[in-house]
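To keep things clear, I will list the structure first and then write my remarks on it.
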Amino acid sequence: PSLTAGIFSISNTGGRVAPGSSFTLSVECNVETEEDYSQVIVIKLLDHPWNKKKGTHITLTAAAFLPSVNFDNLDYIFQEALPVSTEDFVRDGEPHILFHQEQKILRFNDVCVGSEASLSMHLHLRNMGLVNCEVTVTSTHTTPQSAFIFEPSKFSIMSQSEFCFRISFVPTQIGTFTEELQLFC
C-alpha cells in the first residue's frame with residue numbers, strides 16, 4: 001500500500017516491527033515548481049496505548065530547484081560565429097558561419113556538398129541553476145533528413161557550470177536548409 005501526502009508518496013505504509021528490528025518507509029518527492037514544500041505525516045503504533053491515540057508527527061520537507069540554462073546572452077552561446085547585422089562585407093564562396101543578431105539566425109554559408117569536411121562550431125550553454133540540467137538537442141526540419149549533426153545530442157550540464165556541444169552542417173544536396181534548433185531541459 002502507498003499513501004500520497006501533497007507532493008510526497010510514501011510506500012510500505014504499514015507493517016509489523018519485531019523487537020530489536022526496524023521498519024523502513026520509502027518516501028518519493030515529485031515536484032514541478034521551484035519552491036519549498038512541507039507536509040506532516042503521523043505514525044501510530046497500534047500496540048502502544050499512548051502512541052495509538054496521538055501518534056508521532058514527522059515533518060517531511062523538500063526544497064525544489066529547477067535547472068536554469070541562460071538563453072538570454074546569444075553572443076555568448078554563438079561566440080564562435082561571426083556576429084553581423086548585415087552580410088555585405090562577407091566574401092561569397094568561402095565557407096563561414098554568421099550569427100545575425102537582429103534576426104537571431106545562425107547561418108552556415110557556402111558549404112560544399114559531399115565534402116568530407118563539414119562546417120561546424122560549438123554552442124556554449126551555461127546552467128545558472130542549483131541542480132543539474134539534462135539536455136536533449138533536436139531540430140525541426142522539412143527535408144527527409146536533417147542537414148545538421150549535434151554532438152552530443154544528449155548531455156548533462158552540472159549546476160553552476162557550462163557545457164559546449166558541436167553543431168555541424170553537412171548537406172547532402174545543393175539547396176537552402178532551414179531548421180529550428182530545439183533544446184529540452
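Lettering and numbering for the C-alpha cells are positional, with chains as A, B, ... in the shown order, residues counted from 1 in each chain, and ligands counted from 1 in the shown order.
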Q: Looking only at strand (DSSP E) from DSSP on the backbone, list the matching residues of chain A as a ChimeraX atom specification.
A: /A:2-5,8-11,26-29,36-43,56-63,82-84,96-100,105-109,119-127,133-141,148-151,154-157,161-169,179-184
Have a look at A:Gln173, A:Asn73, A:Thr140, A:Ser38 and name the one nearest to Leu60 in chain A; count only C-alpha atoms.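 Of the candidates, the smallest distance to Leu60 in chain A is held by A:Ser38.
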Compile the contact shell of Gln145 in chain A as a ChimeraX atom specification: residues with an atom at most 12 Å away, counting only C-alpha atoms, same-chain residues fewer than 3 positions apart removed. /A:139-142,148-149,170-173,177-179
CA of Ala81 in chain A to CA of Leu123 in chain A measures 9.2 Å
**Asked** Given the choices A:Gln160, A:Thr136, A:Thr143, A:Asn12, which gets closest to Leu25 in chain A if the distance is worked out from only C-alpha atoms?
**Response**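 Of the candidates, the smallest distance to Leu25 in chain A is held by A:Asn12.
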Practice item. Using CA of Ser21 in chain A and CA of Ile43 in chain A as the two end points, give the distance in Å to one decimal. Key: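 One can read the CA of Ser21 in chain A to CA of Ile43 in chain A distance as 16.7 Å.
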Note to self: Give me, as a list in words, all polymer residues having an atom no more than 8 Å from range 7-10 of chain A, counting only C-alpha atoms and skipping those fewer than 3 positions away in the same chain.
What the structure shows: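 Non-adjacent residues within range: Ser2, Leu3, Thr4, Thr13, Leu25, Ser26, Val27, Glu28, Cys29, Asn30, Val31, Tyr37 and Gln39 of chain A.
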Could you write those residues out with N, CA and C atoms, as an mmCIF file, in the first residue's frame?
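Now in selection27.cif:
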```
data_model
loop_
_atom_site.group_PDB
_atom_site.id
_atom_site.type_symbol
_atom_site.label_atom_id
_atom_site.label_comp_id
_atom_site.auth_asym_id
_atom_site.auth_seq_id
_atom_site.Cartn_x
_atom_site.Cartn_y
_atom_site.Cartn_z
ATOM 1 N N SER A 2 0.313 2.319 -0.562
ATOM 2 C CA SER A 2 1.042 3.586 -0.579
ATOM 3 C C SER A 2 0.110 4.713 -0.168
ATOM 4 N N LEU A 3 0.715 5.825 0.207
ATOM 5 C CA LEU A 3 -0.016 6.993 0.671
ATOM 6 C C LEU A 3 0.547 8.206 -0.046
ATOM 7 N N THR A 4 -0.339 9.077 -0.512
ATOM 8 C CA THR A 4 0.106 10.323 -1.116
ATOM 9 C C THR A 4 -0.239 11.456 -0.165
ATOM 10 N N THR A 13 3.269 1.581 3.954
ATOM 11 C CA THR A 13 2.641 2.414 4.978
ATOM 12 C C THR A 13 2.236 1.650 6.228
ATOM 13 N N LEU A 25 10.188 3.196 5.737
ATOM 14 C CA LEU A 25 9.215 3.834 4.858
ATOM 15 C C LEU A 25 9.982 4.465 3.706
ATOM 16 N N SER A 26 9.553 4.223 2.486
ATOM 17 C CA SER A 26 10.176 4.857 1.321
ATOM 18 C C SER A 26 9.360 6.088 0.951
ATOM 19 N N VAL A 27 10.046 7.226 0.843
ATOM 20 C CA VAL A 27 9.373 8.487 0.528
ATOM 21 C C VAL A 27 9.917 9.009 -0.795
ATOM 22 N N GLU A 28 9.011 9.296 -1.731
ATOM 23 C CA GLU A 28 9.377 9.916 -3.004
ATOM 24 C C GLU A 28 8.793 11.316 -3.039
ATOM 25 N N CYS A 29 9.511 12.207 -3.677
ATOM 26 C CA CYS A 29 9.070 13.595 -3.785
ATOM 27 C C CYS A 29 8.999 13.951 -5.266
ATOM 28 N N ASN A 30 7.819 14.339 -5.735
ATOM 29 C CA ASN A 30 7.626 14.692 -7.145
ATOM 30 C C ASN A 30 7.139 16.131 -7.235
ATOM 31 N N VAL A 31 8.016 17.009 -7.705
ATOM 32 C CA VAL A 31 7.679 18.436 -7.772
ATOM 33 C C VAL A 31 7.734 18.924 -9.213
ATOM 34 N N TYR A 37 8.606 22.933 0.114
ATOM 35 C CA TYR A 37 7.430 22.130 0.416
ATOM 36 C C TYR A 37 7.552 21.561 1.824
ATOM 37 N N GLN A 39 5.155 18.851 4.596
ATOM 38 C CA GLN A 39 3.973 18.032 4.836
ATOM 39 C C GLN A 39 4.199 17.248 6.118
#
```
Exercise. Using only C-alpha atoms, pick whichever of A:Leu119, A:Pro152, A:Pro144, A:Glu134 has the shortest atom-to-atom distance to Phe169 in chain A.
Key: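 That would be A:Leu119, the residue with the smallest distance to Phe169 in chain A.
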Contact residues around Ser156 in chain A with only C-alpha atoms at 9 Å, ignoring same-chain residues under 2 positions, as a PyMOL selection string: chain A and resi 132-136+154+158+163
Next item on the list: Write out as an NGL selection string each polymer residue whose atoms come within 7 Å of Ala63 in chain A, counting only C-alpha atoms; drop sequence neighbours fewer than 2 positions from it.
Entry: :A and (35-37 or 61 or 65)
Using the selection just defined, write its residues with C-alpha atoms as a tab-separated table (two decimals), in the first residue's frame.
```tsv
chain	number	residue	atom	x	y	z
A	35	GLU	CA	9.64	26.27	-4.11
A	36	ASP	CA	9.83	24.89	-0.59
A	37	TYR	CA	7.43	22.13	0.42
A	61	THR	CA	10.34	18.95	3.84
A	65	PHE	CA	15.08	23.76	-7.69
```
